[in-house]
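**Q** To be precise about what I am sending: the file is called data-v2.csv and holds CSV, C-alpha atoms.
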chain,number,residue,atom,x,y,z
A,1,MET,CA,155.9,67.5,31.1
A,2,GLN,CA,152.4,68.4,32.1
A,3,LEU,CA,151.4,68.1,35.8
A,4,LEU,CA,147.9,69.1,36.9
A,5,GLY,CA,147.5,71.4,33.9
A,6,ILE,CA,150.9,73.2,34.4
A,7,ARG,CA,153.6,72.7,31.9
A,8,LEU,CA,156.9,71.9,33.6
A,9,PRO,CA,160.0,72.3,31.3
A,10,ASP,CA,161.9,69.0,31.0
A,11,ASN,CA,165.3,70.5,31.6
A,12,HIS,CA,164.6,72.3,34.9
A,13,PHE,CA,165.4,71.1,38.3
A,14,VAL,CA,162.3,69.6,40.0
A,15,LYS,CA,162.8,71.8,43.0
A,16,HIS,CA,162.6,74.9,40.8
A,17,ALA,CA,159.9,73.6,38.4
A,18,LEU,CA,157.4,73.0,41.3
A,19,THR,CA,157.5,76.7,42.0
A,20,GLN,CA,155.4,77.2,38.8
A,21,PHE,CA,152.4,76.2,40.9
A,22,TYR,CA,150.5,79.1,42.5
A,23,GLY,CA,151.1,78.8,46.2
A,24,ILE,CA,154.4,76.9,46.0
A,25,GLY,CA,157.7,78.8,46.5
A,26,ASN,CA,161.2,77.6,46.9
A,27,LYS,CA,160.8,76.4,50.5
A,28,THR,CA,157.7,74.4,49.9
A,29,ALA,CA,159.1,72.9,46.7
A,30,LEU,CA,162.2,71.6,48.6
A,31,ARG,CA,160.0,70.1,51.3
A,32,LEU,CA,157.8,68.5,48.7
A,33,CYS,CA,160.9,66.9,47.0
A,34,ALA,CA,162.0,65.6,50.3
A,35,ARG,CA,158.6,64.1,51.1
A,36,VAL,CA,158.5,62.3,47.8
A,37,GLN,CA,162.2,61.4,48.0
A,38,ILE,CA,163.5,63.2,44.9
A,39,HIS,CA,167.1,64.3,45.1
A,40,GLU,CA,168.1,68.0,44.8
A,41,ARG,CA,169.8,67.8,41.4
A,42,CYS,CA,167.0,65.7,39.7
A,43,ARG,CA,165.6,67.2,36.6
A,44,ILE,CA,162.1,66.8,35.3
A,45,ARG,CA,163.2,64.5,32.5
A,46,HIS,CA,164.9,62.1,35.0
A,47,LEU,CA,161.7,61.5,37.0
A,48,ASN,CA,160.2,58.0,36.8
A,49,GLN,CA,156.5,57.2,36.6
A,50,SER,CA,156.0,56.4,40.3
A,51,GLN,CA,157.6,59.7,41.4
A,52,VAL,CA,155.3,61.6,39.0
A,53,THR,CA,152.3,59.7,40.4
A,54,ALA,CA,153.4,60.5,43.9
A,55,LEU,CA,153.8,64.2,43.1
A,56,THR,CA,150.4,64.4,41.3
A,57,ALA,CA,148.7,62.6,44.2
A,58,PHE,CA,150.2,65.0,46.7
A,59,LEU,CA,149.4,68.2,44.8
A,60,SER,CA,145.9,67.3,43.9
A,61,SER,CA,145.0,67.1,47.6
A,62,PRO,CA,147.7,67.9,50.1
A,63,ALA,CA,145.4,67.3,53.0
A,64,ASN,CA,144.7,63.7,52.0
A,65,SER,CA,148.4,62.7,51.4
A,66,PRO,CA,149.9,59.9,53.5
A,67,PRO,CA,151.9,61.2,56.5
A,68,ALA,CA,155.7,61.5,56.3
A,69,ALA,CA,157.3,58.1,56.7
A,70,PHE,CA,159.7,57.8,59.7
A,71,GLN,CA,163.2,57.5,58.4
A,72,PRO,CA,165.7,57.4,61.3
A,73,LEU,CA,169.5,57.9,61.0
A,74,ALA,CA,171.2,54.5,61.2
A,75,PRO,CA,173.5,53.9,64.2
A,76,PRO,CA,176.8,51.9,63.6
A,77,ASN,CA,175.5,48.4,64.3
A,78,TYR,CA,172.2,48.9,62.4
A,79,VAL,CA,170.6,46.0,60.7
A,80,PRO,CA,167.9,47.0,58.3
A,81,PRO,CA,164.5,45.3,58.7
A,82,PRO,CA,163.1,43.1,55.9
A,83,LEU,CA,161.5,45.3,53.2
A,84,SER,CA,157.9,44.0,53.9
A,85,GLN,CA,157.8,45.7,57.3
A,86,PRO,CA,157.9,49.6,57.5
A,87,VAL,CA,160.0,51.0,60.4
A,88,PRO,CA,157.7,51.8,63.3
A,89,ALA,CA,157.8,55.4,64.4
A,90,PRO,CA,158.9,55.9,68.0
A,91,ALA,CA,156.1,56.6,70.6
A,92,PRO,CA,155.9,60.4,71.3
A,93,ARG,CA,157.6,61.3,74.6
A,94,GLU,CA,155.2,62.5,77.3
A,95,GLY,CA,155.0,66.3,77.8
A,96,GLU,CA,156.4,67.0,74.3
A,97,PRO,CA,153.9,68.2,71.7
A,98,VAL,CA,153.9,66.4,68.4
A,99,PRO,CA,154.8,68.9,65.7
A,100,ALA,CA,152.1,69.6,63.1
A,101,ASP,CA,152.7,68.4,59.5
A,102,THR,CA,152.5,71.8,57.9
A,103,LEU,CA,153.2,70.4,54.4
A,104,ARG,CA,149.8,68.8,54.3
A,105,GLU,CA,148.1,72.1,55.2
A,106,ILE,CA,149.2,74.0,52.1
A,107,LYS,CA,146.7,75.3,49.6
A,108,ILE,CA,147.5,75.5,45.9
A,109,GLU,CA,146.0,77.1,42.8
A,110,SER,CA,142.2,77.4,42.8
A,111,ASP,CA,141.9,76.6,46.5
A,112,LEU,CA,144.3,79.3,47.4
A,113,ARG,CA,142.7,81.9,45.1
A,114,ARG,CA,139.3,81.0,46.5
A,115,GLN,CA,140.6,81.5,50.1
A,116,MET,CA,142.1,84.9,49.2
A,117,ARG,CA,138.9,86.0,47.5
A,118,GLU,CA,136.8,84.9,50.5
A,119,ASN,CA,139.1,86.8,52.9
A,120,ILE,CA,138.8,90.0,50.9
A,121,ALA,CA,135.0,89.5,50.6
A,122,HIS,CA,134.8,89.0,54.3
A,123,GLN,CA,136.6,92.3,55.0
A,124,ARG,CA,134.4,94.1,52.5
A,125,ASN,CA,131.1,92.6,53.9
A,126,ILE,CA,131.8,93.7,57.5
A,127,GLY,CA,132.7,97.2,56.2
A,128,SER,CA,136.2,97.3,57.6
A,129,TYR,CA,139.1,99.6,56.6
A,130,VAL,CA,140.9,96.8,54.8
A,131,GLY,CA,137.8,96.1,52.7
A,132,ARG,CA,137.4,99.7,51.8
A,133,ARG,CA,141.0,100.0,50.6
A,134,HIS,CA,140.6,96.9,48.4
A,135,ALA,CA,137.5,98.5,46.9
A,136,MET,CA,139.3,101.8,46.2
A,137,HIS,CA,142.3,100.0,44.6
A,138,LEU,CA,144.7,101.6,47.2
A,139,PRO,CA,147.4,100.1,49.5
A,140,VAL,CA,145.9,98.3,52.5
A,141,ARG,CA,148.8,98.0,55.0
A,142,GLY,CA,149.5,101.7,55.7
A,143,GLN,CA,151.9,102.5,52.8
A,144,ARG,CA,152.2,106.0,51.4
A,145,THR,CA,149.9,107.1,48.5
A,146,GLN,CA,151.3,110.5,47.7
A,147,SER,CA,153.7,108.6,45.4
A,148,ASN,CA,154.5,104.9,44.7
A,149,ALA,CA,151.2,103.0,45.0
A,150,LYS,CA,151.4,101.5,41.5
A,151,THR,CA,151.2,97.8,42.5
A,152,ALA,CA,148.2,98.4,44.7
A,153,ARG,CA,146.4,100.4,42.0
A,154,LYS,CA,147.1,97.6,39.5
A,155,LEU,CA,146.3,94.5,41.7
A,156,ASN,CA,144.1,95.5,44.7
A,157,ARG,CA,140.5,94.5,43.8
A,158,VAL,CA,137.5,93.1,45.7
A,159,GLU,CA,137.2,90.4,43.0
A,160,ARG,CA,140.9,89.8,43.0
A,161,TYR,CA,142.4,87.4,40.5
A,162,ASN,CA,145.9,87.3,41.8
B,1,MET,CA,145.5,104.6,60.6
B,2,LEU,CA,147.0,101.1,60.4
B,3,PRO,CA,144.7,98.2,59.7
B,4,THR,CA,144.8,95.6,62.5
B,5,ALA,CA,145.8,92.1,61.5
B,6,VAL,CA,144.1,89.9,64.0
B,7,VAL,CA,145.3,86.5,62.7
B,8,GLN,CA,148.8,87.3,61.6
B,9,GLY,CA,150.8,89.2,64.2
B,10,GLY,CA,149.1,91.5,66.6
B,11,ARG,CA,148.7,90.6,70.3
B,12,SER,CA,150.0,87.3,71.7
B,13,ALA,CA,147.4,84.7,72.3
B,14,TRP,CA,148.4,84.0,75.9
B,15,LYS,CA,147.7,87.6,76.9
B,16,GLY,CA,144.0,87.4,75.8
B,17,PRO,CA,142.3,90.0,73.7
B,18,PHE,CA,142.5,93.7,74.7
B,19,PHE,CA,139.0,95.0,75.5
B,20,VAL,CA,137.3,97.7,77.5
B,21,ALA,CA,134.6,96.9,80.0
B,22,PHE,CA,131.6,99.1,79.2
B,23,PRO,CA,129.6,99.9,82.3
B,24,ASN,CA,126.3,100.3,80.5
B,25,LEU,CA,126.7,97.1,78.3
B,26,ARG,CA,123.7,95.2,79.6
B,27,GLN,CA,121.3,98.2,79.5
B,28,ALA,CA,122.4,99.0,75.9
B,29,LEU,CA,121.7,95.4,74.9
B,30,GLU,CA,118.2,95.5,76.4
B,31,ASN,CA,117.1,99.0,75.4
B,32,ASN,CA,119.0,99.2,72.1
B,33,ILE,CA,120.8,102.5,73.1
B,34,PRO,CA,124.1,103.2,71.2
B,35,ILE,CA,127.3,103.3,73.3
B,36,LYS,CA,129.4,106.3,72.7
B,37,THR,CA,133.1,105.4,72.9
B,38,GLN,CA,136.6,106.7,72.1
B,39,ALA,CA,138.1,103.2,72.7
B,40,ARG,CA,138.9,102.4,69.0
B,41,SER,CA,141.4,99.7,70.1
B,42,CYS,CA,138.8,97.6,71.9
B,43,THR,CA,138.4,94.1,70.5
B,44,ILE,CA,134.9,93.1,69.6
B,45,LEU,CA,133.9,90.2,71.8
B,46,PRO,CA,131.0,87.7,71.2
B,47,ASN,CA,128.8,89.3,73.9
B,48,PHE,CA,128.9,92.6,71.9
B,49,ILE,CA,126.9,91.2,69.0
B,50,GLY,CA,123.8,93.2,68.3
B,51,LEU,CA,125.0,96.3,70.1
B,52,ARG,CA,125.2,99.7,68.4
B,53,PHE,CA,128.4,101.7,69.1
B,54,MET,CA,129.2,105.3,68.3
B,55,VAL,CA,133.0,105.1,67.6
B,56,HIS,CA,135.1,108.3,67.7
B,57,ASN,CA,137.1,109.1,64.5
B,58,GLY,CA,138.9,112.1,65.9
B,59,LYS,CA,136.1,114.5,65.2
B,60,ASP,CA,132.6,112.9,65.2
B,61,TYR,CA,131.1,109.6,66.4
B,62,VAL,CA,130.4,107.1,63.7
B,63,PRO,CA,127.6,104.5,64.1
B,64,VAL,CA,128.7,100.8,64.0
B,65,THR,CA,126.3,97.9,64.4
B,66,VAL,CA,128.1,94.7,65.5
B,67,THR,CA,127.5,91.5,63.6
B,68,GLN,CA,128.7,87.9,64.1
B,69,ASP,CA,131.5,88.4,61.4
B,70,MET,CA,133.0,91.3,63.2
B,71,VAL,CA,134.0,89.4,66.4
B,72,GLY,CA,137.8,89.3,66.2
B,73,HIS,CA,138.2,92.9,64.8
B,74,LYS,CA,138.6,96.2,66.6
B,75,LEU,CA,136.0,99.0,66.8
B,76,GLY,CA,138.3,101.5,65.1
B,77,GLU,CA,138.4,99.4,61.9
B,78,PHE,CA,134.8,100.4,61.1
B,79,ALA,CA,135.2,104.2,61.7
B,80,ILE,CA,137.3,105.9,59.0
B,81,THR,CA,139.4,108.7,60.2
B,82,ARG,CA,140.2,110.6,57.0
B,83,LYS,CA,137.8,112.5,54.7
B,84,ARG,CA,137.6,111.2,51.2
B,85,PHE,CA,139.7,113.3,48.8
B,86,THR,CA,137.6,115.3,46.4
B,87,TYR,CA,139.0,117.8,43.9
B,88,LYS,CA,136.9,121.0,43.4
B,89,ALA,CA,138.3,123.7,41.1
B,90,THR,CA,138.5,126.9,43.1
B,91,LYS,CA,136.7,129.9,41.8
B,92,ASN,CA,139.6,132.3,42.4
B,93,LYS,CA,141.4,133.1,39.2
Could you show the structure in this file as structure tokens?
**A**
Amino acid sequence: MQLLGIRLPDNHFVKHALTQFYGIGNKTALRLCARVQIHERCRIRHLNQSQVTALTAFLSSPANSPPAAFQPLAPPNYVPPPLSQPVPAPAPREGEPVPADTLREIKIESDLRRQMRENIAHQRNIGSYVGRRHAMHLPVRGQRTQSNAKTARKLNRVERYN
Amino acid sequence: MLPTAVVQGGRSAWKGPFFVAFPNLRQALENNIPIKTQARSCTILPNFIGLRFMVHNGKDYVPVTVTQDMVGHKLGEFAITRKRFTYKATKNK
């Protein structure tokens, strides 16, 4: 199945297939499945159209996605409300900060690559040590260079693709 | 020399940034005199913008002009401490 230009193999678990996106790892993929209410053992071929639409809508702009619905655990004498009314979220208790919804703040694919390139360009423009190391294709974070700098020599660039 | 990571890790926010109070800060701003300093770990504050510093790198003092983009970084990030490696074949046989 194709999702936003990435081919997701039909036989894979959804929680694994979502890691094919640049910027989504195992943790974010699991959170994403929970947000869209896809169970852990669901494979790509089992997804129905509304779930695919929900995933596409979220991934195309995570910041504009609807906030997480409040789904409380049911006490023993729970009577579910009629389907037309969503369960109201409880009012936040005073003095306790409301936790930020970090899943809506993720960046994917081109946004993430752009942010990385901007960060490196910023370091280069101000002339800092980090910018110089990127320009020289050498390790940035204080690793040794007498041996073992192969990844840095391959990937560290000012115009960095990955 | 370890690069300072201001956003990730580094000093806790509640402590406030580490900086050195330069006594001749105001004069240097008015008269455009460079401030000679060995305080490489001093964070660049917004009121340093436009100043010229001479930052120590172990041996000499390197000129650094502070701009708006440099505000969260430290002075030592702009003064390299090691000489660039160059290979010159020796004349001894």
**Q** Tell me, as a list in words, which residues lie within 10 Å of segment 19-31 of chain A, counting only C-alpha atoms; anything in the same chain fewer than 3 positions away does not count.
**A**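 Contacts, with the query itself left out: Leu3, Leu4, Gly5, Ile6, Arg7, Leu8, Val14, Lys15, His16, Ala34, Arg35, Val36, Gln37, Ile38, His39, Glu40, Leu59, Thr102, Leu103, Ile106, Lys107, Ile108, Glu109, Ser110, Asp111, Leu112, Arg113 and Asn162 of chain A.
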**Q** Store the residues of this selection in a file with C-alpha atoms, as a PDB file, in the coordinates of the input.
**A**
ATOM      1  CA  LEU A   3     151.400  68.100  35.800  1.00  0.00           C
ATOM      2  CA  LEU A   4     147.900  69.100  36.900  1.00  0.00           C
ATOM      3  CA  GLY A   5     147.500  71.400  33.900  1.00  0.00           C
ATOM      4  CA  ILE A   6     150.900  73.200  34.400  1.00  0.00           C
ATOM      5  CA  ARG A   7     153.600  72.700  31.900  1.00  0.00           C
ATOM      6  CA  LEU A   8     156.900  71.900  33.600  1.00  0.00           C
ATOM      7  CA  VAL A  14     162.300  69.600  40.000  1.00  0.00           C
ATOM      8  CA  LYS A  15     162.800  71.800  43.000  1.00  0.00           C
ATOM      9  CA  HIS A  16     162.600  74.900  40.800  1.00  0.00           C
ATOM     10  CA  ALA A  34     162.000  65.600  50.300  1.00  0.00           C
ATOM     11  CA  ARG A  35     158.600  64.100  51.100  1.00  0.00           C
ATOM     12  CA  VAL A  36     158.500  62.300  47.800  1.00  0.00           C
ATOM     13  CA  GLN A  37     162.200  61.400  48.000  1.00  0.00           C
ATOM     14  CA  ILE A  38     163.500  63.200  44.900  1.00  0.00           C
ATOM     15  CA  HIS A  39     167.100  64.300  45.100  1.00  0.00           C
ATOM     16  CA  GLU A  40     168.100  68.000  44.800  1.00  0.00           C
ATOM     17  CA  LEU A  59     149.400  68.200  44.800  1.00  0.00           C
ATOM     18  CA  THR A 102     152.500  71.800  57.900  1.00  0.00           C
ATOM     19  CA  LEU A 103     153.200  70.400  54.400  1.00  0.00           C
ATOM     20  CA  ILE A 106     149.200  74.000  52.100  1.00  0.00           C
ATOM     21  CA  LYS A 107     146.700  75.300  49.600  1.00  0.00           C
ATOM     22  CA  ILE A 108     147.500  75.500  45.900  1.00  0.00           C
ATOM     23  CA  GLU A 109     146.000  77.100  42.800  1.00  0.00           C
ATOM     24  CA  SER A 110     142.200  77.400  42.800  1.00  0.00           C
ATOM     25  CA  ASP A 111     141.900  76.600  46.500  1.00  0.00           C
ATOM     26  CA  LEU A 112     144.300  79.300  47.400  1.00  0.00           C
ATOM     27  CA  ARG A 113     142.700  81.900  45.100  1.00  0.00           C
ATOM     28  CA  ASN A 162     145.900  87.300  41.800  1.00  0.00           C
TER      29      ASN A 162
END
**Q** Given a cut-off of 8 Å, which residues of chain A touch chain B, counting all atoms listed in the file, written out as a PyMOL selection string?
**A** chain A and resi 122+126-130+140-142
**Q** Contacts of Pro72 of chain A at 12 Å or less, counting all atoms listed in the file, minus same-chain residues fewer than 4 places along, as a ChimeraX atom specification?
**A** /A:68,78,80,86-90
**Q** Distance atom CA of Met136 of chain A-atom CA of Arg157 of chain A, one decimal place?
**A**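 Separation of atom CA of Met136 of chain A and atom CA of Arg157 of chain A: 7.8 Å.
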**Q** Give me the residues near segment 8-25 of chain B as a PyMOL selection string, where near means some atom within 10 Å (using all atoms listed in the file) and where sequence neighbours in that chain fewer than 4 positions away do not count.
**A** chain B and resi 4+29-30+33-37+39-45+47-48+51+72+74
**Q** Separation of atom CA of Arg117 of chain A and atom CA of His134 of chain A, in Å?
**A**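 According to the coordinates, atom CA of Arg117 of chain A and atom CA of His134 of chain A are separated by 11.1 Å.
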**Q** Please measure the separation of atom CA of Arg41 of chain A and atom CA of His12 of chain A, giving the value in Å to one decimal.
**A** 9.5 Å
